[in-house]
file structure-v1.cif (mmCIF, N, CA and C atoms)
data_query
#
loop_
_atom_site.label_atom_id
_atom_site.label_comp_id
_atom_site.auth_asym_id
_atom_site.auth_seq_id
_atom_site.Cartn_x
_atom_site.Cartn_y
_atom_site.Cartn_z
N MET A 19 14.35 -26.70 9.81
CA MET A 19 13.95 -26.35 8.47
C MET A 19 15.06 -25.49 7.85
N PRO A 20 15.65 -25.93 6.74
CA PRO A 20 16.70 -25.14 6.10
C PRO A 20 16.11 -23.92 5.38
N GLY A 21 16.95 -22.90 5.22
CA GLY A 21 16.52 -21.70 4.50
C GLY A 21 16.82 -20.45 5.30
N THR A 22 16.73 -19.36 4.61
CA THR A 22 16.98 -18.07 5.25
C THR A 22 15.77 -17.66 6.08
N PRO A 23 15.96 -16.74 7.02
CA PRO A 23 14.80 -16.26 7.80
C PRO A 23 13.70 -15.67 6.93
N ARG A 24 14.09 -15.00 5.85
CA ARG A 24 13.09 -14.41 4.96
C ARG A 24 12.25 -15.49 4.28
N LYS A 25 12.91 -16.57 3.81
CA LYS A 25 12.17 -17.67 3.18
C LYS A 25 11.25 -18.35 4.19
N LYS A 26 11.74 -18.53 5.41
CA LYS A 26 10.92 -19.15 6.45
C LYS A 26 9.69 -18.30 6.75
N ALA A 27 9.87 -16.98 6.80
CA ALA A 27 8.74 -16.09 7.06
C ALA A 27 7.73 -16.13 5.92
N ALA A 28 8.23 -16.23 4.68
CA ALA A 28 7.33 -16.30 3.52
C ALA A 28 6.52 -17.58 3.54
N VAL A 29 7.15 -18.68 3.91
CA VAL A 29 6.45 -19.96 3.97
C VAL A 29 5.43 -19.96 5.10
N ALA A 30 5.77 -19.33 6.22
CA ALA A 30 4.88 -19.32 7.38
C ALA A 30 3.63 -18.49 7.15
N GLY A 31 3.70 -17.51 6.22
CA GLY A 31 2.54 -16.68 5.94
C GLY A 31 2.47 -15.48 6.86
N PRO A 32 1.40 -14.71 6.76
CA PRO A 32 1.30 -13.49 7.57
C PRO A 32 1.17 -13.81 9.05
N VAL A 33 1.76 -12.96 9.87
CA VAL A 33 1.67 -13.09 11.31
C VAL A 33 0.34 -12.49 11.74
N SER A 34 -0.33 -13.16 12.66
CA SER A 34 -1.63 -12.65 13.09
C SER A 34 -1.47 -11.30 13.78
N ALA A 35 -2.51 -10.52 13.73
CA ALA A 35 -2.47 -9.18 14.31
C ALA A 35 -2.25 -9.22 15.81
N GLU A 36 -2.63 -10.30 16.47
CA GLU A 36 -2.49 -10.40 17.91
C GLU A 36 -1.03 -10.60 18.32
N THR A 37 -0.23 -11.31 17.49
CA THR A 37 1.14 -11.63 17.88
C THR A 37 2.16 -10.66 17.32
N ARG A 38 1.81 -9.88 16.35
CA ARG A 38 2.75 -8.97 15.71
C ARG A 38 2.77 -7.62 16.42
N GLU A 39 3.95 -7.13 16.68
CA GLU A 39 4.11 -5.82 17.32
C GLU A 39 3.92 -4.72 16.27
N PRO A 40 2.88 -3.87 16.40
CA PRO A 40 2.66 -2.82 15.40
C PRO A 40 3.73 -1.73 15.51
N ASP A 41 4.09 -1.18 14.37
CA ASP A 41 5.05 -0.09 14.33
C ASP A 41 4.30 1.20 14.64
N PRO A 42 4.68 1.92 15.70
CA PRO A 42 3.93 3.13 16.07
C PRO A 42 4.06 4.25 15.05
N ARG A 43 5.04 4.17 14.15
CA ARG A 43 5.23 5.22 13.15
C ARG A 43 4.32 5.07 11.95
N VAL A 44 3.66 3.94 11.80
CA VAL A 44 2.84 3.70 10.61
C VAL A 44 1.75 4.76 10.46
N GLU A 45 1.05 5.07 11.53
CA GLU A 45 -0.03 6.06 11.43
C GLU A 45 0.51 7.44 11.07
N LYS A 46 1.68 7.79 11.61
CA LYS A 46 2.29 9.09 11.28
C LYS A 46 2.67 9.13 9.81
N PHE A 47 3.29 8.05 9.31
CA PHE A 47 3.68 7.99 7.90
C PHE A 47 2.44 8.01 7.00
N LEU A 48 1.39 7.31 7.42
CA LEU A 48 0.15 7.27 6.65
C LEU A 48 -0.46 8.67 6.54
N GLU A 49 -0.44 9.42 7.61
CA GLU A 49 -0.96 10.79 7.59
C GLU A 49 -0.14 11.66 6.64
N ILE A 50 1.18 11.51 6.65
CA ILE A 50 2.04 12.28 5.75
C ILE A 50 1.72 11.94 4.30
N ILE A 51 1.55 10.66 4.01
CA ILE A 51 1.28 10.22 2.64
C ILE A 51 -0.06 10.75 2.15
N THR A 52 -1.12 10.57 2.95
CA THR A 52 -2.43 11.01 2.50
C THR A 52 -2.51 12.54 2.38
N THR A 53 -1.87 13.26 3.29
CA THR A 53 -1.86 14.72 3.20
C THR A 53 -1.12 15.18 1.95
N SER A 54 0.01 14.52 1.65
CA SER A 54 0.77 14.86 0.45
C SER A 54 -0.06 14.61 -0.80
N LEU A 55 -0.76 13.50 -0.84
CA LEU A 55 -1.60 13.20 -2.00
C LEU A 55 -2.73 14.22 -2.15
N GLU A 56 -3.35 14.62 -1.04
CA GLU A 56 -4.40 15.63 -1.10
C GLU A 56 -3.84 16.96 -1.60
N ASP A 57 -2.65 17.33 -1.11
CA ASP A 57 -2.02 18.58 -1.55
C ASP A 57 -1.70 18.56 -3.04
N ASP A 58 -1.37 17.38 -3.57
CA ASP A 58 -1.03 17.24 -4.98
C ASP A 58 -2.24 16.97 -5.87
N LYS A 59 -3.44 17.11 -5.31
CA LYS A 59 -4.70 16.97 -6.05
C LYS A 59 -4.93 15.55 -6.59
N ALA A 60 -4.50 14.54 -5.81
CA ALA A 60 -4.80 13.16 -6.20
C ALA A 60 -6.30 12.93 -6.04
N GLU A 61 -6.83 12.03 -6.84
CA GLU A 61 -8.25 11.73 -6.80
C GLU A 61 -8.47 10.34 -6.22
N ASP A 62 -9.63 10.13 -5.62
CA ASP A 62 -10.08 8.83 -5.12
C ASP A 62 -9.01 8.15 -4.25
N ILE A 63 -8.58 8.81 -3.19
CA ILE A 63 -7.57 8.25 -2.29
C ILE A 63 -8.25 7.21 -1.40
N VAL A 64 -7.71 5.99 -1.41
CA VAL A 64 -8.25 4.89 -0.63
C VAL A 64 -7.13 4.30 0.21
N VAL A 65 -7.42 4.06 1.50
CA VAL A 65 -6.47 3.40 2.40
C VAL A 65 -7.09 2.06 2.80
N ILE A 66 -6.35 0.98 2.56
CA ILE A 66 -6.82 -0.36 2.89
C ILE A 66 -5.95 -0.92 4.01
N ASP A 67 -6.59 -1.41 5.06
CA ASP A 67 -5.87 -2.01 6.19
C ASP A 67 -5.56 -3.47 5.85
N LEU A 68 -4.28 -3.79 5.79
CA LEU A 68 -3.85 -5.15 5.47
C LEU A 68 -3.35 -5.92 6.69
N THR A 69 -3.49 -5.35 7.87
CA THR A 69 -2.99 -5.98 9.08
C THR A 69 -3.59 -7.37 9.25
N GLY A 70 -2.72 -8.37 9.37
CA GLY A 70 -3.16 -9.75 9.52
C GLY A 70 -3.58 -10.42 8.23
N ARG A 71 -3.61 -9.68 7.12
CA ARG A 71 -4.04 -10.24 5.84
C ARG A 71 -2.90 -10.40 4.86
N ALA A 72 -1.81 -9.66 5.07
CA ALA A 72 -0.67 -9.71 4.16
C ALA A 72 0.61 -9.57 4.97
N SER A 73 1.65 -10.24 4.52
CA SER A 73 2.92 -10.16 5.25
C SER A 73 3.81 -9.05 4.74
N PHE A 74 3.48 -8.45 3.60
CA PHE A 74 4.36 -7.45 2.99
C PHE A 74 4.09 -6.03 3.46
N ALA A 75 2.92 -5.76 4.05
CA ALA A 75 2.60 -4.39 4.48
C ALA A 75 1.42 -4.42 5.44
N ASP A 76 1.26 -3.33 6.20
CA ASP A 76 0.11 -3.16 7.08
C ASP A 76 -0.97 -2.30 6.44
N ARG A 77 -0.57 -1.39 5.55
CA ARG A 77 -1.53 -0.52 4.88
C ARG A 77 -1.19 -0.42 3.40
N MET A 78 -2.24 -0.24 2.60
CA MET A 78 -2.08 0.01 1.17
C MET A 78 -2.85 1.29 0.84
N VAL A 79 -2.17 2.21 0.17
CA VAL A 79 -2.80 3.45 -0.24
C VAL A 79 -2.89 3.43 -1.76
N ILE A 80 -4.07 3.74 -2.28
CA ILE A 80 -4.29 3.76 -3.72
C ILE A 80 -4.85 5.13 -4.08
N ALA A 81 -4.27 5.76 -5.10
CA ALA A 81 -4.75 7.07 -5.53
C ALA A 81 -4.62 7.19 -7.04
N THR A 82 -5.35 8.13 -7.61
CA THR A 82 -5.37 8.35 -9.05
C THR A 82 -4.82 9.73 -9.37
N GLY A 83 -3.99 9.78 -10.42
CA GLY A 83 -3.50 11.04 -10.96
C GLY A 83 -3.97 11.18 -12.40
N LEU A 84 -3.97 12.40 -12.90
CA LEU A 84 -4.49 12.66 -14.24
C LEU A 84 -3.46 12.46 -15.34
N ALA A 85 -2.18 12.67 -15.03
CA ALA A 85 -1.14 12.60 -16.06
C ALA A 85 0.12 11.97 -15.48
N ASP A 86 0.99 11.48 -16.38
CA ASP A 86 2.24 10.85 -15.96
C ASP A 86 3.08 11.78 -15.09
N ARG A 87 3.16 13.05 -15.49
CA ARG A 87 3.98 14.00 -14.73
C ARG A 87 3.41 14.24 -13.34
N GLN A 88 2.09 14.28 -13.22
CA GLN A 88 1.48 14.47 -11.90
C GLN A 88 1.78 13.27 -11.01
N ILE A 89 1.65 12.07 -11.57
CA ILE A 89 1.90 10.86 -10.79
C ILE A 89 3.36 10.80 -10.34
N ALA A 90 4.29 11.12 -11.24
CA ALA A 90 5.71 11.13 -10.89
C ALA A 90 5.99 12.18 -9.82
N ALA A 91 5.35 13.34 -9.91
CA ALA A 91 5.54 14.39 -8.91
C ALA A 91 4.98 13.97 -7.55
N MET A 92 3.82 13.31 -7.56
CA MET A 92 3.25 12.82 -6.30
C MET A 92 4.20 11.84 -5.63
N ALA A 93 4.78 10.94 -6.41
CA ALA A 93 5.72 9.96 -5.87
C ALA A 93 6.96 10.64 -5.30
N ALA A 94 7.49 11.62 -6.02
CA ALA A 94 8.68 12.34 -5.56
C ALA A 94 8.39 13.11 -4.27
N HIS A 95 7.21 13.71 -4.17
CA HIS A 95 6.85 14.46 -2.97
C HIS A 95 6.71 13.54 -1.76
N ILE A 96 6.08 12.39 -1.95
CA ILE A 96 5.94 11.43 -0.84
C ILE A 96 7.32 10.96 -0.39
N ASP A 97 8.18 10.62 -1.34
CA ASP A 97 9.53 10.17 -1.02
C ASP A 97 10.28 11.24 -0.22
N ARG A 98 10.20 12.49 -0.66
CA ARG A 98 10.91 13.58 0.03
C ARG A 98 10.35 13.81 1.42
N LYS A 99 9.03 13.83 1.56
CA LYS A 99 8.41 14.11 2.86
C LYS A 99 8.67 12.99 3.87
N LEU A 100 8.67 11.74 3.41
CA LEU A 100 8.98 10.65 4.32
C LEU A 100 10.45 10.68 4.72
N GLY A 101 11.32 11.07 3.79
CA GLY A 101 12.74 11.22 4.11
C GLY A 101 12.98 12.29 5.15
N GLU A 102 12.20 13.36 5.12
CA GLU A 102 12.34 14.45 6.08
C GLU A 102 12.00 14.02 7.51
N VAL A 103 11.13 13.00 7.65
CA VAL A 103 10.75 12.54 9.00
C VAL A 103 11.49 11.27 9.40
N GLY A 104 12.48 10.87 8.59
CA GLY A 104 13.35 9.77 9.01
C GLY A 104 13.20 8.46 8.27
N LEU A 105 12.27 8.35 7.34
CA LEU A 105 12.13 7.11 6.57
C LEU A 105 12.92 7.28 5.27
N LYS A 106 14.14 6.77 5.27
CA LYS A 106 15.06 7.03 4.16
C LYS A 106 14.95 6.01 3.02
N ARG A 107 14.49 4.80 3.30
CA ARG A 107 14.47 3.76 2.27
C ARG A 107 13.08 3.58 1.70
N VAL A 108 12.67 4.46 0.84
CA VAL A 108 11.41 4.32 0.12
C VAL A 108 11.77 3.88 -1.30
N LEU A 109 11.34 2.68 -1.66
CA LEU A 109 11.63 2.15 -2.99
C LEU A 109 10.52 2.56 -3.95
N THR A 110 10.92 3.06 -5.11
CA THR A 110 9.96 3.54 -6.11
C THR A 110 10.15 2.77 -7.41
N GLU A 111 9.04 2.31 -7.97
CA GLU A 111 9.05 1.61 -9.25
C GLU A 111 8.10 2.31 -10.21
N GLY A 112 8.52 2.48 -11.45
CA GLY A 112 7.66 3.01 -12.49
C GLY A 112 7.55 4.52 -12.55
N ALA A 113 8.44 5.24 -11.89
CA ALA A 113 8.33 6.70 -11.84
C ALA A 113 8.81 7.38 -13.12
N ASN A 114 9.25 6.62 -14.10
CA ASN A 114 9.75 7.21 -15.34
C ASN A 114 8.67 7.33 -16.40
N GLY A 115 7.50 7.73 -15.99
CA GLY A 115 6.43 7.98 -16.95
C GLY A 115 5.63 6.75 -17.31
N SER A 116 5.01 6.12 -16.33
CA SER A 116 4.14 4.99 -16.63
C SER A 116 2.76 5.25 -16.04
N ASP A 117 1.83 4.34 -16.30
CA ASP A 117 0.47 4.48 -15.81
C ASP A 117 0.33 4.08 -14.35
N TRP A 118 1.40 3.49 -13.77
CA TRP A 118 1.33 2.96 -12.42
C TRP A 118 2.67 3.16 -11.74
N VAL A 119 2.68 3.85 -10.61
CA VAL A 119 3.90 4.03 -9.82
C VAL A 119 3.67 3.37 -8.47
N LEU A 120 4.63 2.59 -8.03
CA LEU A 120 4.57 1.89 -6.76
C LEU A 120 5.63 2.45 -5.84
N LEU A 121 5.24 2.79 -4.62
CA LEU A 121 6.18 3.20 -3.58
C LEU A 121 6.08 2.20 -2.44
N ASP A 122 7.21 1.63 -2.07
CA ASP A 122 7.27 0.69 -0.96
C ASP A 122 7.93 1.40 0.21
N ALA A 123 7.13 1.78 1.20
CA ALA A 123 7.63 2.49 2.37
C ALA A 123 7.64 1.55 3.58
N GLY A 124 7.97 0.30 3.36
CA GLY A 124 8.03 -0.66 4.46
C GLY A 124 6.65 -1.19 4.78
N ASP A 125 6.05 -0.70 5.86
CA ASP A 125 4.73 -1.16 6.28
C ASP A 125 3.59 -0.52 5.51
N ILE A 126 3.91 0.41 4.61
CA ILE A 126 2.89 1.06 3.77
C ILE A 126 3.32 0.95 2.31
N VAL A 127 2.40 0.47 1.48
CA VAL A 127 2.64 0.40 0.04
C VAL A 127 1.68 1.38 -0.62
N VAL A 128 2.22 2.22 -1.51
CA VAL A 128 1.42 3.25 -2.18
C VAL A 128 1.38 2.94 -3.67
N HIS A 129 0.17 2.88 -4.23
CA HIS A 129 -0.04 2.68 -5.66
C HIS A 129 -0.63 3.96 -6.23
N LEU A 130 0.05 4.55 -7.21
CA LEU A 130 -0.44 5.74 -7.89
C LEU A 130 -0.73 5.36 -9.34
N PHE A 131 -1.98 5.54 -9.74
CA PHE A 131 -2.44 5.09 -11.05
C PHE A 131 -2.98 6.24 -11.88
N LYS A 132 -2.99 6.04 -13.20
CA LYS A 132 -3.89 6.79 -14.07
C LYS A 132 -5.24 6.07 -13.98
N ALA A 133 -6.31 6.76 -14.29
CA ALA A 133 -7.65 6.21 -14.09
C ALA A 133 -7.87 4.89 -14.83
N GLU A 134 -7.38 4.81 -16.08
CA GLU A 134 -7.58 3.59 -16.88
C GLU A 134 -6.86 2.40 -16.26
N ALA A 135 -5.63 2.61 -15.80
CA ALA A 135 -4.86 1.51 -15.20
C ALA A 135 -5.47 1.08 -13.88
N ARG A 136 -5.98 2.03 -13.11
CA ARG A 136 -6.59 1.68 -11.83
C ARG A 136 -7.82 0.79 -12.04
N ALA A 137 -8.62 1.13 -13.03
CA ALA A 137 -9.79 0.31 -13.34
C ALA A 137 -9.38 -1.07 -13.84
N LEU A 138 -8.31 -1.12 -14.62
CA LEU A 138 -7.85 -2.38 -15.18
C LEU A 138 -7.36 -3.35 -14.10
N TYR A 139 -6.54 -2.86 -13.18
CA TYR A 139 -5.94 -3.74 -12.17
C TYR A 139 -6.88 -4.01 -11.00
N GLY A 140 -7.73 -3.10 -10.64
CA GLY A 140 -8.75 -3.32 -9.62
C GLY A 140 -8.22 -3.77 -8.27
N LEU A 141 -7.22 -3.08 -7.74
CA LEU A 141 -6.65 -3.49 -6.46
C LEU A 141 -7.64 -3.37 -5.31
N GLU A 142 -8.55 -2.42 -5.39
CA GLU A 142 -9.56 -2.31 -4.33
C GLU A 142 -10.44 -3.55 -4.28
N ARG A 143 -10.76 -4.09 -5.44
CA ARG A 143 -11.57 -5.32 -5.47
C ARG A 143 -10.77 -6.50 -4.94
N MET A 144 -9.47 -6.52 -5.23
CA MET A 144 -8.63 -7.64 -4.82
C MET A 144 -8.36 -7.63 -3.32
N TRP A 145 -8.11 -6.44 -2.75
CA TRP A 145 -7.70 -6.36 -1.35
C TRP A 145 -8.76 -5.77 -0.44
N GLY A 146 -9.89 -5.37 -0.97
CA GLY A 146 -10.92 -4.74 -0.15
C GLY A 146 -11.51 -5.70 0.87
N ALA A 147 -11.97 -5.14 1.97
CA ALA A 147 -12.51 -5.95 3.07
C ALA A 147 -13.82 -6.63 2.70
N ASP A 148 -14.52 -6.15 1.66
CA ASP A 148 -15.79 -6.75 1.30
C ASP A 148 -15.64 -8.17 0.76
N LEU A 149 -14.42 -8.57 0.39
CA LEU A 149 -14.20 -9.94 -0.09
C LEU A 149 -13.82 -10.90 1.03
N ASP A 150 -13.53 -10.38 2.20
CA ASP A 150 -13.17 -11.25 3.32
C ASP A 150 -14.39 -12.02 3.79
N VAL A 151 -14.17 -13.30 4.09
CA VAL A 151 -15.24 -14.12 4.64
C VAL A 151 -15.05 -14.15 6.14
N PRO A 152 -16.01 -13.61 6.91
CA PRO A 152 -15.85 -13.63 8.36
C PRO A 152 -15.84 -15.06 8.87
N PRO A 153 -15.11 -15.34 9.96
CA PRO A 153 -15.00 -16.72 10.45
C PRO A 153 -16.35 -17.34 10.79
N GLU A 154 -17.31 -16.55 11.30
CA GLU A 154 -18.60 -17.12 11.66
C GLU A 154 -19.46 -17.44 10.45
N ALA A 155 -19.11 -16.89 9.28
CA ALA A 155 -19.87 -17.15 8.05
C ALA A 155 -19.01 -17.91 7.05
N ALA A 156 -18.30 -18.91 7.52
CA ALA A 156 -17.43 -19.68 6.65
C ALA A 156 -18.25 -20.37 5.55
N ALA A 157 -17.62 -20.59 4.43
CA ALA A 157 -18.29 -21.21 3.30
C ALA A 157 -18.69 -22.64 3.64
N THR A 158 -19.85 -23.06 3.17
CA THR A 158 -20.31 -24.43 3.39
C THR A 158 -20.06 -25.24 2.13
N PRO A 159 -19.68 -26.50 2.29
CA PRO A 159 -19.41 -27.32 1.10
C PRO A 159 -20.70 -27.62 0.34
N VAL A 160 -20.57 -27.76 -0.97
CA VAL A 160 -21.70 -28.07 -1.84
C VAL A 160 -21.80 -29.59 -1.92
N GLU A 161 -23.01 -30.10 -1.74
CA GLU A 161 -23.19 -31.56 -1.79
C GLU A 161 -23.70 -32.00 -3.12
#
call {"tool": "encode", "arguments": {"input": "structure-v1.cif", "output": "structure tokens"}}
result
Amino acid sequence: MPGTPRKKAAVAGPVSAETREPDPRVEKFLEIITTSLEDDKAEDIVVIDLTGRASFADRMVIATGLADRQIAAMAAHIDRKLGEVGLKRVLTEGANGSDWVLLDAGDIVVHLFKAEARALYGLERMWGADLDVPPEAAATPVE
């Protein structure tokens, strides 16, 4: 099959949780992120486990801030604290005063929203476990 390894991985889809080697640092980084958000007075902090459901990350953290400056400060603090423990490549989008800031920390993706934007995009509804159909309760065809 022609193509780069990244394209091949994208076509293949997410690797099952049984065959993928988990990164032992994920839980440590997740603790740093959630503690930083709590210290910065973020509201409604939610952690969603994406293991085996998405190829781009193992965890998604969603939190709400009250103002653009608070959200930008939360993002800067997370970036700095992760850098202090050795995670140097944290990509940040939207930190210049928007309703939504995204931090890509490799196996953890952090979404920081204003309340209105969080309600509009509804990432918890999109990625929440309540939408998963368990294998034993697979959908039946309509006749």
call {"tool": "residues_around", "arguments": {"input": "structure-v1.cif", "residues": "region 115-132 of chain A", "least_positions_apart": "4", "cutoff": "6 Å", "atoms": "all atoms listed in the file", "output": "PyMOL selection string"}}
result
chain A and resi 74-84+86+107-111+136
call {"tool": "atom_distance", "arguments": {"input": "structure-v1.cif", "atom1": "atom N of Phe47 (chain A)", "atom2": "atom C of Thr69 (chain A)"}}
result
16.9 Å
call {"tool": "atom_distance", "arguments": {"input": "structure-v1.cif", "atom1": "CA of Ala90 (chain A)", "atom2": "atom N of Gly112 (chain A)"}}
result
9.1 Å
call {"tool": "atom_distance", "arguments": {"input": "structure-v1.cif", "atom1": "CA of Tyr139 (chain A)", "atom2": "CA of Arg98 (chain A)"}}
result
27.1 Å
call {"tool": "select_by_dssp", "arguments": {"input": "structure-v1.cif", "residues": "region 69-122 of chain A", "states": "alpha helix (DSSP H)", "output": "count of residues only"}}
result
17
call {"tool": "select_by_dssp", "arguments": {"input": "structure-v1.cif", "residues": "region 65-107 of chain A", "states": "strand (DSSP E or B)", "output": "number ranges by chain"}}
result
A: 65-67, 77-83
call {"tool": "closest_residue", "arguments": {"input": "structure-v1.cif", "among": "A:Ala137, A:Leu48, A:Gly104, A:Met92", "to": "Ala60 (chain A)", "atoms": "only N, CA and C atoms"}}
result
A:Met92
call {"tool": "closest_residue", "arguments": {"input": "structure-v1.cif", "among": "A:Arg71, A:Ile50, A:Arg143, A:Ile63", "to": "Asp97 (chain A)", "atoms": "only C-alpha atoms"}}
result
A:Ile50
call {"tool": "residues_near_point", "arguments": {"input": "structure-v1.cif", "point": "(-6.3, -4.7, -0.1)", "cutoff": "8 Å", "atoms": "only C-alpha atoms", "output": "list in words"}}
result
Ile66, Asp67, Leu68, Met78, Leu141, Glu142, Arg143, Met144, Trp145, Gly146 and Ala147 of chain A
call {"tool": "axis_aligned_box", "arguments": {"input": "structure-v1.cif", "around": "region 125-138 of chain A", "padding_each_side": "4 Å", "output": "AutoDock Vina command-line options"}}
result
--center_x -1.9 --center_y 1.7 --center_z -5.3 --size_x 23.8 --size_y 18.1 --size_z 31.2
